[in-house]
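Chemist: Please read through the structure below; I'll follow up with questions.
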Amino acid sequence: MTDAPDPGTGPAPHLSGDPIARPTRTPDQQLTRPIQPPDQQVVGRRAAIARWTCGGIGVACLVIAVRLVLDGGAGAAPRAVAPWLVAVLVAHDAVLAPLTLAAGWAATRVVPAGVRAAVQAWSLVSACLVLVAAPLVVRQLRAGPAQAGANPSAEPLDYPRNLAVTIGIAALAWAICVTALLMVRTTRRRRARRAPRSA
Amino acid sequence: MIRPPTIGSPLRDVRVTARVGRALGVAVGICFATGLLSHLHQHPPMWLSIPPTPAWGYRLSQGLHVATGIACVPLVLVKLFSVYPKLVQWPPVRSVPHALERAAIAVLVASTLFEVTTGLLNIAQWYPWSFFFPQAHYAVAWALVGALLIHLAIKAPVIVAALRRPVDDDREGVGLTRRGLLRTTALATGAVTITTVGQTLPGLDGLAVLAPRRPGIGPQGVPVNRTAQAAGVREAATDPDWVLEIAGPTPLRLSRAALLALPQVEVTLPIACVEGWSAQGRWGGVRLTEVLTLAGFPPGSRVRVRSLERRGLYSSSTLTTAQAGHPTTLLALRLNGSDLALDHGYPVRLIAPNRPGVLQTKWLARVETT
């Protein structure tokens with residue numbers, strides 16, 4: 001035999017589609033030029049062009065946004081829009097997200113491990129329903145259903161009740177699923193205990 | 001023993017981020033495209049003439065806009081959850097490119113939360129701000145898309161690598177797994193959609209328990225966005241001396257009786273609101289072309305209709321040549337088999353195919369050329 005490498009024992013071919021062959025780069029390294037073997041240079045160059053184009057279009061969109069705000073007059077005045085941009089960011093990053101963290105941490109202490117996944121899932125679905133319905137619920141609770149009579153087709157439903165019922169139905173469905181799951185698990189465990197293990 | 005909370009949940013994984021991010025990216029794309037279309041409907045540039053067909057075009061695009069926006073709520077929350085520790089990374093800024101990248105992310109997150117929040121408040125007709133919603137929502141949409149494209153350009157290798165790696169079931173039995181989180185996100189998206197989308201999707205209206213409108217609830221079974229009371233036209237619209245002025249080469253002044261004496265047609269067209277609800281109606285009245293011909297308008301005129309409502313952005317609207325000439329474009333006098341209700345635009349309103357509801361001008365006073 002010649003010095004041709006044995007396909008079975010030689011170094012694994014470097015496939016561009018194989019994620020294991022390439023170590024994942026940290027965010028720092030993404031911003032620097034990656035070192036690539038010659039066969040990947042063409043692909044790499046195309047990818048770089050695509051990324052720069054994508055980023056360039058992004059910058060152009062940002063310029064359009066700034067012009068719309070600056071040329072738009074009072075309708076989208078920076079001093080009217082900017083406080084809201086900051087407010088929603090703070091509301092999420094400094095209020096909603098830490099509350100979620102705290103709730104998640106509390107769940108690991110309070111909720112039994114067996115039903116924790118179900119409680120987490122139900123909480124996420126319910127939180128989303130609450131957020132979507134919040135404007136309608138708050139407005140209706142503040143104004144009262146009688147005053148909304150000016151336009152009988154606007155917000156015609158009892159949203160606080162509907163939200164409670166929807167979340168309740170979700171909880172019920174979850175409870176049924178969890179109970180069924182626990183019963184299946186218990187039965188399996190019992191069967192496993194009774195059946196002798198094969199050597 | 002009680003330990004301090006850690007942010008190191010195995011759910012916060014780049015594979016979860018990339019998959020939720022992909023769904024969110026698609027949703028943002030749909031919202032931006034349909035939002036742009038809605039903007040073009042309301043602010044048509046000279047080079048573009050939006051066709052009157054399909055009649056349900058705006059109903060579909062704007063229904064999709066609002067439904068997709070609502071579907072973004074769980075996607076945004078889970079996406080941000082999965083990367084939250086990056087917010088408090090130390091040192092906060094490592095280099096100039098890193099600072100720029102973080103600035104783009106700040107714009108992206110703020111504009112995304114702004115668009116979803118203002119959109120949700122707007123469909124509830126709650127305006128606790130001093131800006132003009134359509135203008136601000138439109139401008140910030142460009143910032144969102146710009147920051148998103150920059151974010152995608154920077155993160156492309158990470159996203160590609162993360163999407164290639166399969167999501168495994170970690171920590172079985174302790175809490176939600178990564179797969180479980182993805183499934184729950186899909187479920188939450190489904191839940192907010194199914195409880196609202198019936199405001200535009202026929203057949204699901206019974207399930208739309210959290211939607212601001214219910215097709216079928218309203219005068220003559222069709223919802224109303226702005227009442228005659230709110231527009232301040234109650235007296236003018238019910239005045240027995242009301243006439244519709246047709247400011248053509250042969251000026252006409254037509255009473256409601258005179259309009260009813262002209263050839264009547266009935267068309268089925270949707271009323272599709274910018275706020276995402278829509279309802280089909282059977283409209284009866286006179287073809288706009290009929291009246292334009294009587295008044296001697298040359299064919300191909302650009303027509304504007306004016307409301308009795310004196311002020312407001314939507315007190316008049318302009319029709320393209322194709323819209324004005326379309327056989328289903330009516331001066332509507334009747335809805336679903338009875339005389340037009342005051343809140344639907346009595347004595348006469350415009351109804352035309354593929355057009356936002358705010359441009360289906362009510363309580364008409366005058367038809368003129370632009």
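Identifiers for the structure tokens are assigned positionally: chains receive A, B, ... in sequence, residues are indexed from 1 per chain, and ligands are indexed from 1 in the order shown.
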Please identify which residues in segment 116-186 of chain A DSSP calls alpha helix (DSSP H) from the backbone, and express them as a PyMOL selection string.
Modeler: chain A and resi 116-143+159-186
Chemist: Just list as a ChimeraX atom specification whatever in segment 123-266 of chain B DSSP marks as strand (DSSP E).
Modeler: /B:244-246,252-254,265-266
Chemist: Save out the residues we just selected, N, CA, C and O atoms, as an mmCIF file, in the first residue's frame.
Modeler:
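What ended up in result.cif:
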```
data_model
loop_
_atom_site.group_PDB
_atom_site.id
_atom_site.type_symbol
_atom_site.label_atom_id
_atom_site.label_comp_id
_atom_site.auth_asym_id
_atom_site.auth_seq_id
_atom_site.Cartn_x
_atom_site.Cartn_y
_atom_site.Cartn_z
ATOM 1 N N LEU B 244 -76.973 64.459 -0.971
ATOM 2 C CA LEU B 244 -75.608 64.106 -1.354
ATOM 3 C C LEU B 244 -75.228 64.975 -2.547
ATOM 4 O O LEU B 244 -75.892 64.949 -3.584
ATOM 5 N N GLU B 245 -74.178 65.734 -2.384
ATOM 6 C CA GLU B 245 -73.729 66.652 -3.430
ATOM 7 C C GLU B 245 -72.745 65.906 -4.330
ATOM 8 O O GLU B 245 -71.762 65.341 -3.840
ATOM 9 N N ILE B 246 -73.022 65.891 -5.633
ATOM 10 C CA ILE B 246 -72.102 65.259 -6.587
ATOM 11 C C ILE B 246 -71.478 66.404 -7.382
ATOM 12 O O ILE B 246 -72.122 66.993 -8.256
ATOM 13 N N LEU B 252 -74.977 67.577 -9.157
ATOM 14 C CA LEU B 252 -76.243 66.951 -8.733
ATOM 15 C C LEU B 252 -76.395 67.093 -7.239
ATOM 16 O O LEU B 252 -75.404 67.141 -6.512
ATOM 17 N N ARG B 253 -77.640 67.174 -6.804
ATOM 18 C CA ARG B 253 -77.938 67.134 -5.370
ATOM 19 C C ARG B 253 -78.997 66.057 -5.187
ATOM 20 O O ARG B 253 -80.149 66.238 -5.584
ATOM 21 N N LEU B 254 -78.564 64.910 -4.610
ATOM 22 C CA LEU B 254 -79.454 63.744 -4.551
ATOM 23 C C LEU B 254 -79.893 63.483 -3.112
ATOM 24 O O LEU B 254 -79.052 63.313 -2.223
ATOM 25 N N VAL B 265 -78.344 47.766 -6.662
ATOM 26 C CA VAL B 265 -77.648 46.472 -6.733
ATOM 27 C C VAL B 265 -77.320 46.018 -5.319
ATOM 28 O O VAL B 265 -77.291 46.819 -4.390
ATOM 29 N N GLU B 266 -77.067 44.718 -5.189
ATOM 30 C CA GLU B 266 -76.651 44.192 -3.880
ATOM 31 C C GLU B 266 -75.328 43.449 -4.053
ATOM 32 O O GLU B 266 -75.175 42.657 -4.986
#
```
Chemist: Near His92 of chain A, counting only C-alpha atoms, which residues have an atom at most 10 Å away, once you skip same-chain residues fewer than 3 positions from it, shown as a PyMOL selection string?
Modeler: (chain A and resi 87-89+95-99) or (chain B and resi 77+80+109-110+113)
Chemist: Counting only C-alpha atoms, which residues of segment 180-259 of chain B sit at most 6 Å from some atom of segment 285-302 of chain B, and what is each one's closest atom pair with its distance in Å to one decimal, listed by chain and rising residue number, as a tab-separated table?
Modeler:
```
residue	atom	partner	partner_atom	distance
B:Gly248	CA	B:Ala295	CA	5.0
B:Pro249	CA	B:Gly296	CA	5.4
B:Thr250	CA	B:Ala295	CA	4.7
B:Pro251	CA	B:Ala295	CA	5.9
```
Chemist: Can you spit out the residues from that selection as an mmCIF file, in the first residue's frame, using all heavy atoms?
Modeler:
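Just written: result12.cif:
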```cif
data_model
loop_
_atom_site.group_PDB
_atom_site.id
_atom_site.type_symbol
_atom_site.label_atom_id
_atom_site.label_comp_id
_atom_site.auth_asym_id
_atom_site.auth_seq_id
_atom_site.Cartn_x
_atom_site.Cartn_y
_atom_site.Cartn_z
ATOM 1 N N GLY B 248 -69.710 67.139 -9.952
ATOM 2 C CA GLY B 248 -69.187 66.801 -11.268
ATOM 3 C C GLY B 248 -69.423 67.936 -12.248
ATOM 4 O O GLY B 248 -69.937 68.985 -11.867
ATOM 5 N N PRO B 249 -69.074 67.726 -13.528
ATOM 6 C CA PRO B 249 -69.367 68.730 -14.563
ATOM 7 C C PRO B 249 -70.860 69.078 -14.599
ATOM 8 O O PRO B 249 -71.220 70.217 -14.887
ATOM 9 C CB PRO B 249 -68.908 68.048 -15.843
ATOM 10 C CG PRO B 249 -67.880 67.061 -15.413
ATOM 11 C CD PRO B 249 -68.313 66.587 -14.058
ATOM 12 N N THR B 250 -71.739 68.079 -14.344
ATOM 13 C CA THR B 250 -73.163 68.348 -14.175
ATOM 14 C C THR B 250 -73.476 68.179 -12.689
ATOM 15 O O THR B 250 -73.733 67.065 -12.234
ATOM 16 C CB THR B 250 -74.002 67.315 -14.976
ATOM 17 O OG1 THR B 250 -73.395 67.102 -16.228
ATOM 18 C CG2 THR B 250 -75.445 67.771 -15.130
ATOM 19 N N PRO B 251 -73.408 69.230 -11.913
ATOM 20 C CA PRO B 251 -73.573 69.056 -10.462
ATOM 21 C C PRO B 251 -74.950 68.496 -10.123
ATOM 22 O O PRO B 251 -75.953 68.881 -10.743
ATOM 23 C CB PRO B 251 -73.408 70.476 -9.905
ATOM 24 C CG PRO B 251 -72.769 71.255 -10.995
ATOM 25 C CD PRO B 251 -73.219 70.636 -12.274
#
```
